[in-house]
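Asks: After the structure tokens below, expect a handful of questions from me.
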Amino acid sequence: MAATALTGSPPSQPSLTHPPPPPRKLTTVKALSESPGLSSIPSIYTFLKQPYHEPVSDTEEPIPTIDFSLLTSSLPDERGYSLVTSHGVPERMMKAIIEACREFLELPEEEKRGISGKHVLDPIRFGTSFNESVDEILCWRDYVKIFQHPEFHSPNKPPSFSKRVRLVAREIIRGISESLGLEKDYIYETLNPENGLQLIAANLYPPCPQPELAMGLPPHSDHGLLTLLIQNQIGGLQVQHKGKWVNIDPIPNSFLANIGDHIEILSNGKYKSVLHRAVVNNRDVRISIAVPHGPALDAIFSPDSKLVENVGNPPAYGAMKYKEYLEFQQGTMLNGKSFLERIRNRV
């Protein structure tokens, strides 16, 4: 009998983790952007190679929308991203969490550094770029990442927002489970939700004097099952659809739901995690708040046995502990879905 997809011991594999390199001393992008007379960006922030600045599609194809109040009849879209409306999280609460994160990111640098960890699993971590210790080209972005569940951490203590967002994510994951022909609660209950990982990643993208050369974040997909994202009313998020980059314009009081790598793994590729990137502008500060939801850190992930047995659909991804995946992906440079492809090659 095949082992349950998310439990048991994975096959023996060489470790993919690396010891962290010594940190570089960098200023924040916010401080750099406020430098008097700044008219060009330092060369270390310049992305010259394709595909970073591919043209954006002018497609008018609408973004799929999930009305949360009708979720039982509105399944997540196969392309990997959807706008979620009527979700029950008050607009005032969404605005308040954006403002709270803005206030933190605008604190003096020494105050932020004083409460920040260094390891990817430290519960509160402030930094610049994506992984400033290894990035060869720096991203035009400052961030703070805060673990919210199973143990709550936060400088400003906003637990209500995190709890409500977790309920939204749970219902979407239930819809995904049903769309795969599984019981509604199968994925969520198998993942041990009491120990599942939830974090807030708040991103600050200051105005950039040369936005055509810089990137807020290069193309990447998200770890975990599902990411729910909110942003202020400044555009900058782009997703790849049918090989073209598409702007995702902000819509008030909505979440953007992104399918994560581990739904792609669990579904054996039926669902695809969405490739997305952040671009910057020379006028306005953009703030986005991503809330990834993952399984317990010690969960072993591979294609679910119910989706590969007796259907002529052999597993396309190797087994790996979620913690190991998270540490490696977050501890290296962003490069599309390259790490997910490595898991495919471990079969």
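Every chain in the structure tokens takes a letter, A first, then B, and so on in the order presented; its residues are numbered from 1, and the ligands are numbered from 1 following the presented order.
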Name all residues at most 8 Å from Met320 of chain A (count only C-alpha atoms; drop same-chain ones fewer than 5 positions away) and give them as a list in words.
Replies: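 Near neighbours after the sequence-gap exclusion: Pro10, Ile300, Phe301, Ser302, Tyr325 and Ile343 of chain A.
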Asks: Neighbouring residues of Ser40 of chain A were defined as those with any atom within 10 Å, considering only C-alpha atoms; residues of the same chain fewer than 3 positions away were excluded. Please report them as a list in words.
Replies: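 Residues near the query, excluding close chain neighbours: Ser33, Gly37, Ser43, Cys208, Pro209, Gln210, Pro211 and Leu213 of chain A.
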Asks: Could you check how far atom CA of Ile251 of chain A sits from atom CA of His293 of chain A, in Å to one decimal?
Replies: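 Computing it gives 21.9 Å between the two atoms.
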Asks: For a test of reading the model, state the distance in Å between atom CA of Lys145 of chain A and atom CA of Glu111 of chain A, rounded to one decimal.
Replies: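 Atom-to-atom, atom CA of Lys145 of chain A and atom CA of Glu111 of chain A are spaced 15.3 Å apart.
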Asks: Please identify all polymer residues within 6 Å of segment 266-282 of chain A, counting only C-alpha atoms, omitting same-chain residues fewer than 5 positions from it, and present them as a PDB file with all heavy atoms, in the first residue's frame.
Replies:
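File part15.pdb, as written:
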```pdb
ATOM      1  N   GLY A  80      -3.839  29.376 -11.655  1.00  0.00           N
ATOM      2  CA  GLY A  80      -3.026  29.516 -10.459  1.00  0.00           C
ATOM      3  C   GLY A  80      -3.227  30.795  -9.685  1.00  0.00           C
ATOM      4  O   GLY A  80      -2.655  30.967  -8.610  1.00  0.00           O
ATOM      5  N   PRO A 207       9.882  54.743  -4.400  1.00  0.00           N
ATOM      6  CA  PRO A 207      10.097  55.248  -5.755  1.00  0.00           C
ATOM      7  C   PRO A 207      11.543  55.032  -6.196  1.00  0.00           C
ATOM      8  O   PRO A 207      12.476  55.150  -5.394  1.00  0.00           O
ATOM      9  CB  PRO A 207       9.772  56.742  -5.632  1.00  0.00           C
ATOM     10  CG  PRO A 207       8.863  56.839  -4.446  1.00  0.00           C
ATOM     11  CD  PRO A 207       9.341  55.775  -3.499  1.00  0.00           C
ATOM     12  N   CYS A 208      11.714  54.701  -7.468  1.00  0.00           N
ATOM     13  CA  CYS A 208      13.037  54.378  -8.016  1.00  0.00           C
ATOM     14  C   CYS A 208      13.321  55.323  -9.180  1.00  0.00           C
ATOM     15  O   CYS A 208      12.484  55.453 -10.082  1.00  0.00           O
ATOM     16  CB  CYS A 208      13.056  52.926  -8.492  1.00  0.00           C
ATOM     17  SG  CYS A 208      14.598  52.423  -9.285  1.00  0.00           S
ATOM     18  N   PRO A 209      14.482  55.976  -9.202  1.00  0.00           N
ATOM     19  CA  PRO A 209      14.760  56.926 -10.286  1.00  0.00           C
ATOM     20  C   PRO A 209      14.937  56.263 -11.653  1.00  0.00           C
ATOM     21  O   PRO A 209      14.801  56.928 -12.672  1.00  0.00           O
ATOM     22  CB  PRO A 209      16.053  57.611  -9.830  1.00  0.00           C
ATOM     23  CG  PRO A 209      16.693  56.646  -8.898  1.00  0.00           C
ATOM     24  CD  PRO A 209      15.563  55.946  -8.200  1.00  0.00           C
ATOM     25  N   PRO A 211      13.254  53.006 -12.866  1.00  0.00           N
ATOM     26  CA  PRO A 211      12.465  51.780 -12.705  1.00  0.00           C
ATOM     27  C   PRO A 211      12.628  50.799 -13.853  1.00  0.00           C
ATOM     28  O   PRO A 211      12.393  49.605 -13.670  1.00  0.00           O
ATOM     29  CB  PRO A 211      11.029  52.306 -12.623  1.00  0.00           C
ATOM     30  CG  PRO A 211      11.063  53.637 -13.297  1.00  0.00           C
ATOM     31  CD  PRO A 211      12.416  54.198 -12.989  1.00  0.00           C
ATOM     32  N   MET A 215      14.266  45.937 -10.297  1.00  0.00           N
ATOM     33  CA  MET A 215      13.156  45.024 -10.048  1.00  0.00           C
ATOM     34  C   MET A 215      12.828  45.049  -8.558  1.00  0.00           C
ATOM     35  O   MET A 215      13.740  45.054  -7.719  1.00  0.00           O
ATOM     36  CB  MET A 215      13.506  43.591 -10.446  1.00  0.00           C
ATOM     37  CG  MET A 215      13.647  43.351 -11.935  1.00  0.00           C
ATOM     38  SD  MET A 215      12.118  43.555 -12.863  1.00  0.00           S
ATOM     39  CE  MET A 215      11.117  42.257 -12.139  1.00  0.00           C
ATOM     40  N   GLY A 216      11.520  45.057  -8.258  1.00  0.00           N
ATOM     41  CA  GLY A 216      11.134  44.894  -6.860  1.00  0.00           C
ATOM     42  C   GLY A 216      11.419  43.475  -6.396  1.00  0.00           C
ATOM     43  O   GLY A 216      12.043  43.257  -5.360  1.00  0.00           O
ATOM     44  N   LEU A 217      10.955  42.510  -7.164  1.00  0.00           N
ATOM     45  CA  LEU A 217      11.302  41.094  -6.990  1.00  0.00           C
ATOM     46  C   LEU A 217      11.321  40.459  -8.368  1.00  0.00           C
ATOM     47  O   LEU A 217      10.385  40.674  -9.155  1.00  0.00           O
ATOM     48  CB  LEU A 217      10.289  40.366  -6.095  1.00  0.00           C
ATOM     49  CG  LEU A 217      10.426  40.525  -4.582  1.00  0.00           C
ATOM     50  CD1 LEU A 217       9.246  39.870  -3.870  1.00  0.00           C
ATOM     51  CD2 LEU A 217      11.735  39.946  -4.081  1.00  0.00           C
ATOM     52  N   PRO A 218      12.330  39.653  -8.701  1.00  0.00           N
ATOM     53  CA  PRO A 218      12.363  38.974  -9.993  1.00  0.00           C
ATOM     54  C   PRO A 218      11.351  37.834 -10.035  1.00  0.00           C
ATOM     55  O   PRO A 218      10.749  37.476  -9.014  1.00  0.00           O
ATOM     56  CB  PRO A 218      13.805  38.459 -10.080  1.00  0.00           C
ATOM     57  CG  PRO A 218      14.234  38.313  -8.665  1.00  0.00           C
ATOM     58  CD  PRO A 218      13.545  39.393  -7.902  1.00  0.00           C
ATOM     59  N   PRO A 219      11.138  37.236 -11.196  1.00  0.00           N
ATOM     60  CA  PRO A 219      10.144  36.163 -11.321  1.00  0.00           C
ATOM     61  C   PRO A 219      10.394  35.027 -10.332  1.00  0.00           C
ATOM     62  O   PRO A 219      11.519  34.556 -10.180  1.00  0.00           O
ATOM     63  CB  PRO A 219      10.316  35.701 -12.772  1.00  0.00           C
ATOM     64  CG  PRO A 219      10.835  36.900 -13.486  1.00  0.00           C
ATOM     65  CD  PRO A 219      11.738  37.578 -12.503  1.00  0.00           C
ATOM     66  N   HIS A 220       9.307  34.581  -9.696  1.00  0.00           N
ATOM     67  CA  HIS A 220       9.405  33.493  -8.719  1.00  0.00           C
ATOM     68  C   HIS A 220       8.024  32.935  -8.457  1.00  0.00           C
ATOM     69  O   HIS A 220       7.006  33.538  -8.808  1.00  0.00           O
ATOM     70  CB  HIS A 220      10.008  34.006  -7.400  1.00  0.00           C
ATOM     71  CG  HIS A 220       9.139  35.011  -6.694  1.00  0.00           C
ATOM     72  ND1 HIS A 220       9.024  36.316  -7.117  1.00  0.00           N
ATOM     73  CD2 HIS A 220       8.314  34.894  -5.610  1.00  0.00           C
ATOM     74  CE1 HIS A 220       8.194  36.970  -6.321  1.00  0.00           C
ATOM     75  NE2 HIS A 220       7.735  36.120  -5.401  1.00  0.00           N
ATOM     76  N   SER A 221       7.974  31.778  -7.843  1.00  0.00           N
ATOM     77  CA  SER A 221       6.732  31.219  -7.309  1.00  0.00           C
ATOM     78  C   SER A 221       6.873  31.144  -5.796  1.00  0.00           C
ATOM     79  O   SER A 221       7.968  31.306  -5.239  1.00  0.00           O
ATOM     80  CB  SER A 221       6.444  29.839  -7.908  1.00  0.00           C
ATOM     81  OG  SER A 221       7.518  28.942  -7.643  1.00  0.00           O
ATOM     82  N   GLY A 236       2.008  47.201  -9.508  1.00  0.00           N
ATOM     83  CA  GLY A 236       3.389  46.727  -9.585  1.00  0.00           C
ATOM     84  C   GLY A 236       3.489  45.219  -9.657  1.00  0.00           C
ATOM     85  O   GLY A 236       4.521  44.681 -10.045  1.00  0.00           O
ATOM     86  N   LEU A 237       2.409  44.524  -9.294  1.00  0.00           N
ATOM     87  CA  LEU A 237       2.409  43.061  -9.361  1.00  0.00           C
ATOM     88  C   LEU A 237       2.093  42.607 -10.779  1.00  0.00           C
ATOM     89  O   LEU A 237       1.154  43.098 -11.407  1.00  0.00           O
ATOM     90  CB  LEU A 237       1.382  42.495  -8.391  1.00  0.00           C
ATOM     91  CG  LEU A 237       1.203  40.969  -8.419  1.00  0.00           C
ATOM     92  CD1 LEU A 237       2.469  40.259  -7.961  1.00  0.00           C
ATOM     93  CD2 LEU A 237       0.008  40.553  -7.568  1.00  0.00           C
ATOM     94  N   GLN A 238       2.871  41.660 -11.278  1.00  0.00           N
ATOM     95  CA  GLN A 238       2.634  41.062 -12.587  1.00  0.00           C
ATOM     96  C   GLN A 238       2.706  39.547 -12.455  1.00  0.00           C
ATOM     97  O   GLN A 238       3.541  39.024 -11.713  1.00  0.00           O
ATOM     98  CB  GLN A 238       3.665  41.545 -13.614  1.00  0.00           C
ATOM     99  CG  GLN A 238       3.621  43.034 -13.878  1.00  0.00           C
ATOM    100  CD  GLN A 238       4.720  43.501 -14.815  1.00  0.00           C
ATOM    101  OE1 GLN A 238       5.652  42.757 -15.121  1.00  0.00           O
ATOM    102  NE2 GLN A 238       4.623  44.734 -15.286  1.00  0.00           N
ATOM    103  N   VAL A 239       1.836  38.837 -13.166  1.00  0.00           N
ATOM    104  CA  VAL A 239       1.859  37.381 -13.197  1.00  0.00           C
ATOM    105  C   VAL A 239       2.088  36.930 -14.631  1.00  0.00           C
ATOM    106  O   VAL A 239       1.768  37.651 -15.586  1.00  0.00           O
ATOM    107  CB  VAL A 239       0.565  36.754 -12.636  1.00  0.00           C
ATOM    108  CG1 VAL A 239       0.321  37.196 -11.210  1.00  0.00           C
ATOM    109  CG2 VAL A 239      -0.628  37.090 -13.521  1.00  0.00           C
ATOM    110  N   GLN A 240       2.657  35.741 -14.781  1.00  0.00           N
ATOM    111  CA  GLN A 240       2.881  35.198 -16.109  1.00  0.00           C
ATOM    112  C   GLN A 240       1.703  34.304 -16.485  1.00  0.00           C
ATOM    113  O   GLN A 240       1.357  33.372 -15.755  1.00  0.00           O
ATOM    114  CB  GLN A 240       4.187  34.412 -16.175  1.00  0.00           C
ATOM    115  CG  GLN A 240       4.613  34.102 -17.605  1.00  0.00           C
ATOM    116  CD  GLN A 240       5.987  33.474 -17.654  1.00  0.00           C
ATOM    117  OE1 GLN A 240       6.128  32.275 -17.431  1.00  0.00           O
ATOM    118  NE2 GLN A 240       7.005  34.270 -17.928  1.00  0.00           N
ATOM    119  N   ILE A 259      -1.639  30.168  -6.069  1.00  0.00           N
ATOM    120  CA  ILE A 259      -1.333  28.770  -5.777  1.00  0.00           C
ATOM    121  C   ILE A 259       0.165  28.633  -5.529  1.00  0.00           C
ATOM    122  O   ILE A 259       0.990  29.172  -6.274  1.00  0.00           O
ATOM    123  CB  ILE A 259      -1.756  27.860  -6.947  1.00  0.00           C
ATOM    124  CG1 ILE A 259      -3.271  27.890  -7.124  1.00  0.00           C
ATOM    125  CG2 ILE A 259      -1.258  26.428  -6.751  1.00  0.00           C
ATOM    126  CD1 ILE A 259      -4.042  27.314  -5.979  1.00  0.00           C
ATOM    127  N   GLY A 260       0.542  27.918  -4.448  1.00  0.00           N
ATOM    128  CA  GLY A 260       1.941  27.728  -4.093  1.00  0.00           C
ATOM    129  C   GLY A 260       2.523  26.433  -4.636  1.00  0.00           C
ATOM    130  O   GLY A 260       1.813  25.554  -5.131  1.00  0.00           O
ATOM    131  N   ASP A 261       3.844  26.315  -4.511  1.00  0.00           N
ATOM    132  CA  ASP A 261       4.563  25.157  -5.039  1.00  0.00           C
ATOM    133  C   ASP A 261       4.037  23.836  -4.475  1.00  0.00           C
ATOM    134  O   ASP A 261       4.032  22.811  -5.165  1.00  0.00           O
ATOM    135  CB  ASP A 261       6.057  25.267  -4.710  1.00  0.00           C
ATOM    136  CG  ASP A 261       6.751  26.362  -5.493  1.00  0.00           C
ATOM    137  OD1 ASP A 261       6.175  26.841  -6.494  1.00  0.00           O
ATOM    138  OD2 ASP A 261       7.876  26.734  -5.107  1.00  0.00           O
ATOM    139  N   SER A 302       4.944  15.099  -1.135  1.00  0.00           N
ATOM    140  CA  SER A 302       5.102  14.423  -2.418  1.00  0.00           C
ATOM    141  C   SER A 302       3.715  14.364  -3.044  1.00  0.00           C
ATOM    142  O   SER A 302       2.716  14.700  -2.391  1.00  0.00           O
ATOM    143  CB  SER A 302       5.677  13.014  -2.224  1.00  0.00           C
ATOM    144  OG  SER A 302       4.766  12.204  -1.493  1.00  0.00           O
ATOM    145  N   PRO A 303       3.575  13.975  -4.301  1.00  0.00           N
ATOM    146  CA  PRO A 303       2.239  13.831  -4.885  1.00  0.00           C
ATOM    147  C   PRO A 303       1.381  12.884  -4.060  1.00  0.00           C
ATOM    148  O   PRO A 303       1.835  11.825  -3.624  1.00  0.00           O
ATOM    149  CB  PRO A 303       2.535  13.263  -6.280  1.00  0.00           C
ATOM    150  CG  PRO A 303       3.896  13.800  -6.606  1.00  0.00           C
ATOM    151  CD  PRO A 303       4.643  13.762  -5.306  1.00  0.00           C
ATOM    152  N   ASP A 304       0.135  13.279  -3.839  1.00  0.00           N
ATOM    153  CA  ASP A 304      -0.750  12.468  -3.007  1.00  0.00           C
ATOM    154  C   ASP A 304      -1.035  11.129  -3.674  1.00  0.00           C
ATOM    155  O   ASP A 304      -1.313  11.062  -4.881  1.00  0.00           O
ATOM    156  CB  ASP A 304      -2.055  13.211  -2.756  1.00  0.00           C
ATOM    157  CG  ASP A 304      -2.856  12.566  -1.648  1.00  0.00           C
ATOM    158  OD1 ASP A 304      -3.545  11.564  -1.924  1.00  0.00           O
ATOM    159  OD2 ASP A 304      -2.763  13.041  -0.506  1.00  0.00           O
TER     160      ASP A 304
END
```
Asks: Would you work out the distance separating atom CA of Val144 of chain A from atom CA of Pro206 of chain A, expressed in Å to one decimal?
Replies: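 Going from atom CA of Val144 of chain A over to atom CA of Pro206 of chain A, I get 14.5 Å.
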Asks: Could you tell me which of A:Ile137, A:Ala202, A:Ile287, A:Ile173 comes closest to Asn335 of chain A if we count only C-alpha atoms?
Replies: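 Comparing A:Ile137, A:Ala202, A:Ile287, A:Ile173 against Asn335 of chain A, the winner is A:Ile137.
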Asks: Excluding same-chain residues fewer than 3 positions from Gly88 of chain A, what lies within 12 Å of it counting only C-alpha atoms, as an NGL selection string?
Replies: :A and (67-69 or 84-85 or 91-94 or 161 or 163-168 or 171 or 253-255)
Asks: Given only C-alpha atoms as the basis, pick out the residue of A:Asn192, A:Asn313, A:Ser129, A:Asn247 nearest to Gln330 of chain A.
Replies: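 Checking each candidate against Gln330 of chain A, we get A:Ser129 as the closest.
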Asks: Find the residues near Phe126 of chain A: any atom within 9 Å, counting only C-alpha atoms, skip ones fewer than 5 places away on the same chain, and give them as a list in words.
Replies: Leu105, Lys112, Arg113, Ile115, Ser116, Gly117, Lys118, Asp142, Tyr143, Val144, Lys145 and Ile146 of chain A
Asks: Write a file of the selected residues as a PDB file, in the first residue's frame, keeping N, CA, C and O atoms.
Replies:
```pdb
ATOM      1  N   LEU A 105       8.035  49.638   8.691  1.00  0.00           N
ATOM      2  CA  LEU A 105       9.075  49.723   7.662  1.00  0.00           C
ATOM      3  C   LEU A 105       9.666  51.125   7.543  1.00  0.00           C
ATOM      4  O   LEU A 105      10.764  51.288   6.994  1.00  0.00           O
ATOM      5  N   LYS A 112      14.665  48.771  13.540  1.00  0.00           N
ATOM      6  CA  LYS A 112      14.204  47.549  12.872  1.00  0.00           C
ATOM      7  C   LYS A 112      15.233  46.439  12.993  1.00  0.00           C
ATOM      8  O   LYS A 112      14.893  45.283  13.247  1.00  0.00           O
ATOM      9  N   ARG A 113      16.496  46.757  12.781  1.00  0.00           N
ATOM     10  CA  ARG A 113      17.538  45.735  12.877  1.00  0.00           C
ATOM     11  C   ARG A 113      17.622  45.168  14.288  1.00  0.00           C
ATOM     12  O   ARG A 113      17.999  44.014  14.483  1.00  0.00           O
ATOM     13  N   ILE A 115      15.359  44.222  16.324  1.00  0.00           N
ATOM     14  CA  ILE A 115      14.426  43.158  16.689  1.00  0.00           C
ATOM     15  C   ILE A 115      14.408  42.043  15.654  1.00  0.00           C
ATOM     16  O   ILE A 115      13.548  41.168  15.694  1.00  0.00           O
ATOM     17  N   SER A 116      15.348  42.066  14.742  1.00  0.00           N
ATOM     18  CA  SER A 116      15.275  41.153  13.603  1.00  0.00           C
ATOM     19  C   SER A 116      16.190  39.956  13.752  1.00  0.00           C
ATOM     20  O   SER A 116      17.329  40.077  14.211  1.00  0.00           O
ATOM     21  N   GLY A 117      15.679  38.778  13.329  1.00  0.00           N
ATOM     22  CA  GLY A 117      16.506  37.588  13.242  1.00  0.00           C
ATOM     23  C   GLY A 117      17.253  37.537  11.924  1.00  0.00           C
ATOM     24  O   GLY A 117      17.111  38.402  11.065  1.00  0.00           O
ATOM     25  N   LYS A 118      18.056  36.486  11.746  1.00  0.00           N
ATOM     26  CA  LYS A 118      18.866  36.331  10.535  1.00  0.00           C
ATOM     27  C   LYS A 118      18.514  35.074   9.745  1.00  0.00           C
ATOM     28  O   LYS A 118      18.635  35.055   8.524  1.00  0.00           O
ATOM     29  N   ASP A 142      12.455  46.610   0.523  1.00  0.00           N
ATOM     30  CA  ASP A 142      12.676  46.298   1.928  1.00  0.00           C
ATOM     31  C   ASP A 142      11.507  45.443   2.403  1.00  0.00           C
ATOM     32  O   ASP A 142      10.408  45.504   1.849  1.00  0.00           O
ATOM     33  N   TYR A 143      11.728  44.648   3.461  1.00  0.00           N
ATOM     34  CA  TYR A 143      10.655  43.750   3.897  1.00  0.00           C
ATOM     35  C   TYR A 143      10.763  43.466   5.385  1.00  0.00           C
ATOM     36  O   TYR A 143      11.810  43.649   6.023  1.00  0.00           O
ATOM     37  N   VAL A 144       9.656  42.995   5.935  1.00  0.00           N
ATOM     38  CA  VAL A 144       9.651  42.369   7.252  1.00  0.00           C
ATOM     39  C   VAL A 144       8.792  41.122   7.139  1.00  0.00           C
ATOM     40  O   VAL A 144       7.727  41.135   6.525  1.00  0.00           O
ATOM     41  N   LYS A 145       9.282  40.003   7.687  1.00  0.00           N
ATOM     42  CA  LYS A 145       8.560  38.736   7.683  1.00  0.00           C
ATOM     43  C   LYS A 145       8.310  38.319   9.122  1.00  0.00           C
ATOM     44  O   LYS A 145       9.244  38.294   9.937  1.00  0.00           O
ATOM     45  N   ILE A 146       7.054  37.987   9.415  1.00  0.00           N
ATOM     46  CA  ILE A 146       6.640  37.728  10.789  1.00  0.00           C
ATOM     47  C   ILE A 146       5.820  36.449  10.830  1.00  0.00           C
ATOM     48  O   ILE A 146       4.791  36.341  10.142  1.00  0.00           O
TER      49      ILE A 146
END
```
Asks: When you count only C-alpha atoms, which of these residues is closest to Pro64 of chain A: A:Ile248, A:Ser39, A:Ala96, A:Leu297?
Replies: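 Comparing A:Ile248, A:Ser39, A:Ala96, A:Leu297 against Pro64 of chain A, the winner is A:Ile248.
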Asks: Between A:His262, A:Lys244, A:Lys306, A:Arg174, which residue has the minimum interatomic distance to His223 of chain A, considering only C-alpha atoms?
Replies: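 Looking only at the distances to His223 of chain A, the closest residue turns out to be A:His262.
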Asks: Using only C-alpha atoms, pick whichever of A:Cys101, A:Leu180, A:Ile41, A:Val89 has the shortest atom-to-atom distance to Pro252 of chain A.
Replies: A:Val89
